[in-house]
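Have a look at the structure below before the remarks.
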Amino acid sequence: MIEVEHLSKKFKDFTAVNDISFKVQPGELFALLGPNGAGKSTTIKMLTTLLKPTTGKLSLNGHDVVKEQDKTRQSFGIVFQDPSVDVDLTAYENMELHAVMYHIPSPQIKERIKDLLTMVELWDRRDNLVKTFSGGMKRRLEIARGLLHHPKVLFLDEPTLGLDTQTRNLLWDYVGNLAREKEMTILFTTHYLEEAEANANRIAIIDHGKLITIGTAEELKKQTKTDSLEKAYLELTGKQLRDEEVSLGEAWRERHRSRNMR
Ligand SMILES: Nc1ncnc2c1ncn2[C@@H]1O[C@H](COP(=O)(O)OP(=O)(O)O)[C@@H](O)[C@H]1O
Ligand SMILES: [Mg+2]
């Protein structure tokens, strides 16, 4: 459903995404993990036609993402890292605006909005301005909006950032149901490793723009001989920080030693 082949993105001299390749199967819940600045959002922006790759090939739902932008755009929904609902509109108006932008036939608009707002438990609040909503409610509205045009693929970039545990769990319940019932393919990023472990069929870890590894949570644990995804993740991405700490420690000991000798 998603194919990424030798994808790179350069901003001037800086390589944000460096020769990444992976495939996501239909119906799969796929997690893209990595520290801040790893290149996750840049990868999603390229897959969603917002940024043009420097090199590489991208395909989504059988469409060439660069050459068939319109068909690609009809194939996915996206929930951005930063909230993007209009807070001066009501929940219903936000949905309606999006439906019109996606050219959903007017006889269907009402029914779809009702179905989706009911699913995310916001139908009763449809006529309230979004500025009165909590963070979790806004996120749920964004997900409902991202699903209006029945996309085959849903991108969720840190959808649970800043939400409390109850809301996060609720959100993943929705997302899991969607993937199952509508056979939707979902690619998401998160900094909560337990969310990836509990919800992703497979996980890709990227760091400094490079793909480090890809596999199930079990495979990543086995690969690193650890007993939790968090430990596996730190084993795979934390090395540089630890090396720096070690070398700082070395430098300190070195200085200490020479001072003692004096
Ligand atoms: N438009 C841009 N211009 C220059 N550098 C950028 C731009 N967008 C992202 N970057 C840089 O690319 C790197 C990857 O960013 P991003 O994909 O947002 O990381 P992540 O989502 O994994 O935290 C970061 O170092 C970021 O500063
Ligand atoms: Mg990001």
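Identifiers in the structure tokens: chain A, B, ... in order shown; residue index from 1 per chain; ligand index from 1 in order shown.
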Review point. So which residues are near ligand 1, meaning at most 10 Å away with only C-alpha atoms and all ligand atoms counted, given back as number ranges by chain?
Key: A: 9-17, 32-46, 51, 81, 157-158, 189-191, 206-209
**Study point:** Backbone-only DSSP, alpha helix (DSSP H) members of stretch 112-217 of chain A, as number ranges by chain
**Key:** A: 112-119, 135-146, 165-181, 193-199, 217
Check your understanding: Got a sec: who's within 6 Å of A:Gly146, counting only C-alpha atoms, leaving out chain neighbours fewer than 2 positions off, as a list in words?
Key ->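 Neighbouring residues, sequence-local ones excluded: Gly77, Ile78, Ile143, Ala144 and Leu148 of chain A.
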File dump, residues just selected, C-alpha atoms, as a PDB file, in the first residue's frame:
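File produced: result_7.pdb:
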ATOM      1  CA  GLY A  77      -6.054  11.244   5.196  1.00  0.00           C
ATOM      2  CA  ILE A  78      -3.677  12.937   7.573  1.00  0.00           C
ATOM      3  CA  ILE A 143      -9.207  11.988  12.999  1.00  0.00           C
ATOM      4  CA  ALA A 144     -12.868  12.077  12.003  1.00  0.00           C
ATOM      5  CA  LEU A 148     -14.246  11.910   5.577  1.00  0.00           C
TER       6      LEU A 148
END
Check your understanding: Quick one: residues within 8 Å of A:Leu116, only C-alpha atoms counted, chain neighbours fewer than 2 positions away excluded, as a ChimeraX atom specification?
Key -> /A:112-114,118-120,144-145,147-148
Point to revise | Residue nearest A:Pro83 - candidates A:Arg180, A:Lys71, A:Arg202, A:Arg140, atoms counted: only C-alpha atoms | key: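 Nearest candidate to A:Pro83 out of A:Arg180, A:Lys71, A:Arg202, A:Arg140: A:Arg140.
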Exercise for review: Could you give me the residues within stretch 65-164 of chain A that DSSP places in strand (DSSP E), as a ChimeraX atom specification?
Suggested key: /A:76-79,153-157
Those same residues, written as an mmCIF file, in the first residue's frame with all heavy atoms?
data_model
loop_
_atom_site.group_PDB
_atom_site.id
_atom_site.type_symbol
_atom_site.label_atom_id
_atom_site.label_comp_id
_atom_site.auth_asym_id
_atom_site.auth_seq_id
_atom_site.Cartn_x
_atom_site.Cartn_y
_atom_site.Cartn_z
ATOM 1 N N PHE A 76 -5.293 9.303 0.746
ATOM 2 C CA PHE A 76 -4.898 9.323 2.155
ATOM 3 C C PHE A 76 -5.614 10.413 2.949
ATOM 4 O O PHE A 76 -6.110 11.388 2.398
ATOM 5 C CB PHE A 76 -3.374 9.506 2.288
ATOM 6 C CG PHE A 76 -2.872 10.866 1.884
ATOM 7 C CD1 PHE A 76 -3.000 11.947 2.746
ATOM 8 C CD2 PHE A 76 -2.272 11.072 0.654
ATOM 9 C CE1 PHE A 76 -2.545 13.208 2.388
ATOM 10 C CE2 PHE A 76 -1.815 12.326 0.278
ATOM 11 C CZ PHE A 76 -1.959 13.396 1.149
ATOM 12 N N GLY A 77 -5.641 10.216 4.256
ATOM 13 C CA GLY A 77 -6.054 11.244 5.196
ATOM 14 C C GLY A 77 -4.880 11.486 6.121
ATOM 15 O O GLY A 77 -4.026 10.621 6.281
ATOM 16 N N ILE A 78 -4.829 12.667 6.702
ATOM 17 C CA ILE A 78 -3.677 12.937 7.573
ATOM 18 C C ILE A 78 -4.081 13.724 8.809
ATOM 19 O O ILE A 78 -4.951 14.598 8.750
ATOM 20 C CB ILE A 78 -2.554 13.691 6.817
ATOM 21 C CG1 ILE A 78 -1.365 13.944 7.743
ATOM 22 C CG2 ILE A 78 -3.063 14.978 6.182
ATOM 23 C CD1 ILE A 78 -0.079 14.260 7.057
ATOM 24 N N VAL A 79 -3.470 13.346 9.922
ATOM 25 C CA VAL A 79 -3.583 14.130 11.149
ATOM 26 C C VAL A 79 -2.179 14.616 11.458
ATOM 27 O O VAL A 79 -1.263 13.820 11.663
ATOM 28 C CB VAL A 79 -4.146 13.290 12.310
ATOM 29 C CG1 VAL A 79 -4.157 14.096 13.600
ATOM 30 C CG2 VAL A 79 -5.554 12.813 11.973
ATOM 31 N N VAL A 153 -5.367 5.102 3.182
ATOM 32 C CA VAL A 153 -4.224 5.215 4.079
ATOM 33 C C VAL A 153 -4.438 6.405 5.001
ATOM 34 O O VAL A 153 -4.872 7.462 4.559
ATOM 35 C CB VAL A 153 -2.914 5.441 3.275
ATOM 36 C CG1 VAL A 153 -1.722 5.550 4.217
ATOM 37 C CG2 VAL A 153 -2.695 4.329 2.263
ATOM 38 N N LEU A 154 -4.142 6.197 6.281
ATOM 39 C CA LEU A 154 -4.236 7.297 7.235
ATOM 40 C C LEU A 154 -2.854 7.536 7.849
ATOM 41 O O LEU A 154 -2.221 6.602 8.341
ATOM 42 C CB LEU A 154 -5.252 6.960 8.325
ATOM 43 C CG LEU A 154 -5.526 8.043 9.369
ATOM 44 C CD1 LEU A 154 -6.182 9.269 8.731
ATOM 45 C CD2 LEU A 154 -6.425 7.506 10.484
ATOM 46 N N PHE A 155 -2.386 8.789 7.783
ATOM 47 C CA PHE A 155 -1.124 9.163 8.413
ATOM 48 C C PHE A 155 -1.425 9.899 9.715
ATOM 49 O O PHE A 155 -2.224 10.843 9.733
ATOM 50 C CB PHE A 155 -0.320 10.101 7.507
ATOM 51 C CG PHE A 155 0.197 9.444 6.272
ATOM 52 C CD1 PHE A 155 -0.482 9.564 5.072
ATOM 53 C CD2 PHE A 155 1.377 8.701 6.305
ATOM 54 C CE1 PHE A 155 -0.006 8.953 3.922
ATOM 55 C CE2 PHE A 155 1.861 8.088 5.163
ATOM 56 C CZ PHE A 155 1.166 8.212 3.967
ATOM 57 N N LEU A 156 -0.786 9.455 10.778
ATOM 58 C CA LEU A 156 -0.967 10.106 12.082
ATOM 59 C C LEU A 156 0.410 10.497 12.606
ATOM 60 O O LEU A 156 1.192 9.632 12.990
ATOM 61 C CB LEU A 156 -1.640 9.138 13.067
ATOM 62 C CG LEU A 156 -2.993 8.553 12.678
ATOM 63 C CD1 LEU A 156 -3.349 7.381 13.586
ATOM 64 C CD2 LEU A 156 -4.073 9.624 12.781
ATOM 65 N N ASP A 157 0.701 11.795 12.597
ATOM 66 C CA ASP A 157 2.014 12.246 13.061
ATOM 67 C C ASP A 157 1.894 12.701 14.510
ATOM 68 O O ASP A 157 1.333 13.755 14.796
ATOM 69 C CB ASP A 157 2.519 13.380 12.161
ATOM 70 C CG ASP A 157 4.013 13.640 12.336
ATOM 71 O OD1 ASP A 157 4.624 12.994 13.204
ATOM 72 O OD2 ASP A 157 4.552 14.488 11.603
#
Point to revise | Best match for closeness to A:Met101 among A:Arg73, A:His6, A:Arg168, A:Lys182, counting only C-alpha atoms | key: A:Arg73
Revision key, fill the gap. Judged by only C-alpha atoms, the minimum distance to A:Pro159 among A:Glu96, A:Asp82, A:Glu230, A:Glu121 is found for A:Asp82
**Study point:** Nearby residues (only C-alpha atoms) at most 12 Å from A:Thr167, same-chain spacing under 3 positions excluded, as a VMD selection string
**Key:** chain A and resid 120 134 to 140 159 to 164 170 to 174
Same residues, N, CA, C and O atoms, output as an mmCIF file, in the first residue's frame:
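Below you can see result_30.cif, which holds the result:
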data_model
loop_
_atom_site.group_PDB
_atom_site.id
_atom_site.type_symbol
_atom_site.label_atom_id
_atom_site.label_comp_id
_atom_site.auth_asym_id
_atom_site.auth_seq_id
_atom_site.Cartn_x
_atom_site.Cartn_y
_atom_site.Cartn_z
ATOM 1 N N VAL A 120 -16.419 9.149 16.865
ATOM 2 C CA VAL A 120 -15.457 9.748 17.794
ATOM 3 C C VAL A 120 -16.155 10.430 18.982
ATOM 4 O O VAL A 120 -15.535 11.194 19.719
ATOM 5 N N SER A 134 -11.466 20.196 24.517
ATOM 6 C CA SER A 134 -10.200 19.795 25.123
ATOM 7 C C SER A 134 -9.261 19.298 24.020
ATOM 8 O O SER A 134 -9.693 19.072 22.877
ATOM 9 N N GLY A 135 -7.987 19.100 24.376
ATOM 10 C CA GLY A 135 -7.009 18.603 23.410
ATOM 11 C C GLY A 135 -7.425 17.277 22.805
ATOM 12 O O GLY A 135 -7.300 17.054 21.599
ATOM 13 N N GLY A 136 -7.950 16.392 23.653
ATOM 14 C CA GLY A 136 -8.372 15.079 23.176
ATOM 15 C C GLY A 136 -9.537 15.177 22.193
ATOM 16 O O GLY A 136 -9.590 14.452 21.199
ATOM 17 N N MET A 137 -10.458 16.074 22.483
ATOM 18 C CA MET A 137 -11.619 16.242 21.585
ATOM 19 C C MET A 137 -11.167 16.774 20.224
ATOM 20 O O MET A 137 -11.652 16.342 19.175
ATOM 21 N N LYS A 138 -10.217 17.716 20.249
ATOM 22 C CA LYS A 138 -9.707 18.259 18.979
ATOM 23 C C LYS A 138 -9.036 17.170 18.148
ATOM 24 O O LYS A 138 -9.211 17.092 16.933
ATOM 25 N N ARG A 139 -8.270 16.325 18.823
ATOM 26 C CA ARG A 139 -7.599 15.226 18.129
ATOM 27 C C ARG A 139 -8.622 14.278 17.497
ATOM 28 O O ARG A 139 -8.469 13.826 16.365
ATOM 29 N N ARG A 140 -9.674 13.967 18.267
ATOM 30 C CA ARG A 140 -10.715 13.072 17.754
ATOM 31 C C ARG A 140 -11.400 13.699 16.548
ATOM 32 O O ARG A 140 -11.690 13.020 15.555
ATOM 33 N N PRO A 159 -0.082 11.639 16.997
ATOM 34 C CA PRO A 159 -1.475 11.973 17.271
ATOM 35 C C PRO A 159 -1.794 12.081 18.754
ATOM 36 O O PRO A 159 -2.783 12.707 19.123
ATOM 37 N N THR A 160 -0.980 11.504 19.598
ATOM 38 C CA THR A 160 -1.322 11.460 21.025
ATOM 39 C C THR A 160 -0.464 12.402 21.857
ATOM 40 O O THR A 160 -0.525 12.371 23.080
ATOM 41 N N LEU A 161 0.322 13.240 21.187
ATOM 42 C CA LEU A 161 1.196 14.172 21.890
ATOM 43 C C LEU A 161 0.400 15.033 22.863
ATOM 44 O O LEU A 161 -0.559 15.696 22.483
ATOM 45 N N GLY A 162 0.789 15.009 24.122
ATOM 46 C CA GLY A 162 0.156 15.874 25.105
ATOM 47 C C GLY A 162 -1.203 15.431 25.611
ATOM 48 O O GLY A 162 -1.863 16.172 26.313
ATOM 49 N N LEU A 163 -1.625 14.233 25.240
ATOM 50 C CA LEU A 163 -2.929 13.764 25.724
ATOM 51 C C LEU A 163 -2.749 12.904 26.968
ATOM 52 O O LEU A 163 -1.708 12.278 27.155
ATOM 53 N N ASP A 164 -3.797 12.863 27.817
ATOM 54 C CA ASP A 164 -3.686 12.015 29.003
ATOM 55 C C ASP A 164 -3.855 10.538 28.618
ATOM 56 O O ASP A 164 -4.283 10.222 27.516
ATOM 57 N N LEU A 170 -8.178 5.550 24.399
ATOM 58 C CA LEU A 170 -9.420 5.648 23.636
ATOM 59 C C LEU A 170 -9.112 5.853 22.160
ATOM 60 O O LEU A 170 -9.681 5.207 21.277
ATOM 61 N N LEU A 171 -8.153 6.743 21.918
ATOM 62 C CA LEU A 171 -7.787 7.057 20.547
ATOM 63 C C LEU A 171 -7.233 5.832 19.816
ATOM 64 O O LEU A 171 -7.580 5.561 18.661
ATOM 65 N N TRP A 172 -6.407 5.070 20.508
ATOM 66 C CA TRP A 172 -5.846 3.880 19.862
ATOM 67 C C TRP A 172 -6.912 2.815 19.649
ATOM 68 O O TRP A 172 -6.829 2.034 18.708
ATOM 69 N N ASP A 173 -7.924 2.787 20.529
ATOM 70 C CA ASP A 173 -9.042 1.862 20.296
ATOM 71 C C ASP A 173 -9.736 2.197 18.975
ATOM 72 O O ASP A 173 -10.006 1.323 18.166
ATOM 73 N N TYR A 174 -10.010 3.494 18.760
ATOM 74 C CA TYR A 174 -10.630 3.919 17.493
ATOM 75 C C TYR A 174 -9.774 3.509 16.311
ATOM 76 O O TYR A 174 -10.243 2.947 15.324
#
Exercise for review: Name all residues at most 7 Å from A:Phe22 (count only C-alpha atoms; drop same-chain ones fewer than 4 positions away) and give them as a list in words.
Suggested key: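 The contact residues come out as Glu3, Val4 and Glu5 of chain A.
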Point to revise | Surrounding residues of A:His103 excluding itself and chain neighbours under 4 positions, 9 Å, only C-alpha atoms, as a list in words | key: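 Here the qualifying residues turn out to be His98, Ala99 and His149 of chain A.
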Residues as selected, all heavy atoms, written as an mmCIF file, in the first residue's frame, can you do that?
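The result, written out as selection.cif:
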data_model
loop_
_atom_site.group_PDB
_atom_site.id
_atom_site.type_symbol
_atom_site.label_atom_id
_atom_site.label_comp_id
_atom_site.auth_asym_id
_atom_site.auth_seq_id
_atom_site.Cartn_x
_atom_site.Cartn_y
_atom_site.Cartn_z
ATOM 1 N N HIS A 98 -14.168 20.550 5.076
ATOM 2 C CA HIS A 98 -13.277 19.522 4.554
ATOM 3 C C HIS A 98 -13.984 18.691 3.479
ATOM 4 O O HIS A 98 -13.400 18.354 2.448
ATOM 5 C CB HIS A 98 -12.828 18.635 5.706
ATOM 6 C CG HIS A 98 -11.597 17.846 5.425
ATOM 7 N ND1 HIS A 98 -10.347 18.418 5.417
ATOM 8 C CD2 HIS A 98 -11.421 16.537 5.139
ATOM 9 C CE1 HIS A 98 -9.449 17.489 5.148
ATOM 10 N NE2 HIS A 98 -10.062 16.333 4.974
ATOM 11 N N ALA A 99 -15.254 18.383 3.725
ATOM 12 C CA ALA A 99 -16.035 17.585 2.761
ATOM 13 C C ALA A 99 -16.140 18.314 1.425
ATOM 14 O O ALA A 99 -16.011 17.705 0.353
ATOM 15 C CB ALA A 99 -17.432 17.305 3.324
ATOM 16 N N HIS A 149 -13.203 11.395 3.466
ATOM 17 C CA HIS A 149 -13.216 10.979 2.057
ATOM 18 C C HIS A 149 -12.861 9.500 1.906
ATOM 19 O O HIS A 149 -12.461 9.071 0.825
ATOM 20 C CB HIS A 149 -12.292 11.873 1.233
ATOM 21 C CG HIS A 149 -10.871 11.906 1.740
ATOM 22 N ND1 HIS A 149 -10.544 12.483 2.948
ATOM 23 C CD2 HIS A 149 -9.721 11.432 1.224
ATOM 24 C CE1 HIS A 149 -9.234 12.350 3.127
ATOM 25 N NE2 HIS A 149 -8.727 11.707 2.106
#
Point to revise | Using only C-alpha atoms and all ligand atoms: which of A:His63, A:Pro53, A:Phe188, A:Ser8 has the shortest distance to ligand 2 | key: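 Result for the nearest residue to ligand 2: A:Phe188.
Take atom CA of A:Arg126 and atom CA of A:Glu142: the distance between them is 13.1 Å.
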Review point. What does the distance between atom CA of A:Leu229 and atom CA of A:Leu29 come to in Å, to one decimal place?
Key: 16.3 Å
Exercise for review: May I ask which of the residues A:Phe80, A:Glu111, A:Leu47, A:Ser59 is the closest one to ligand 2, counting only C-alpha atoms and all ligand atoms?
Suggested key: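 Result for the nearest residue to ligand 2: A:Phe80.
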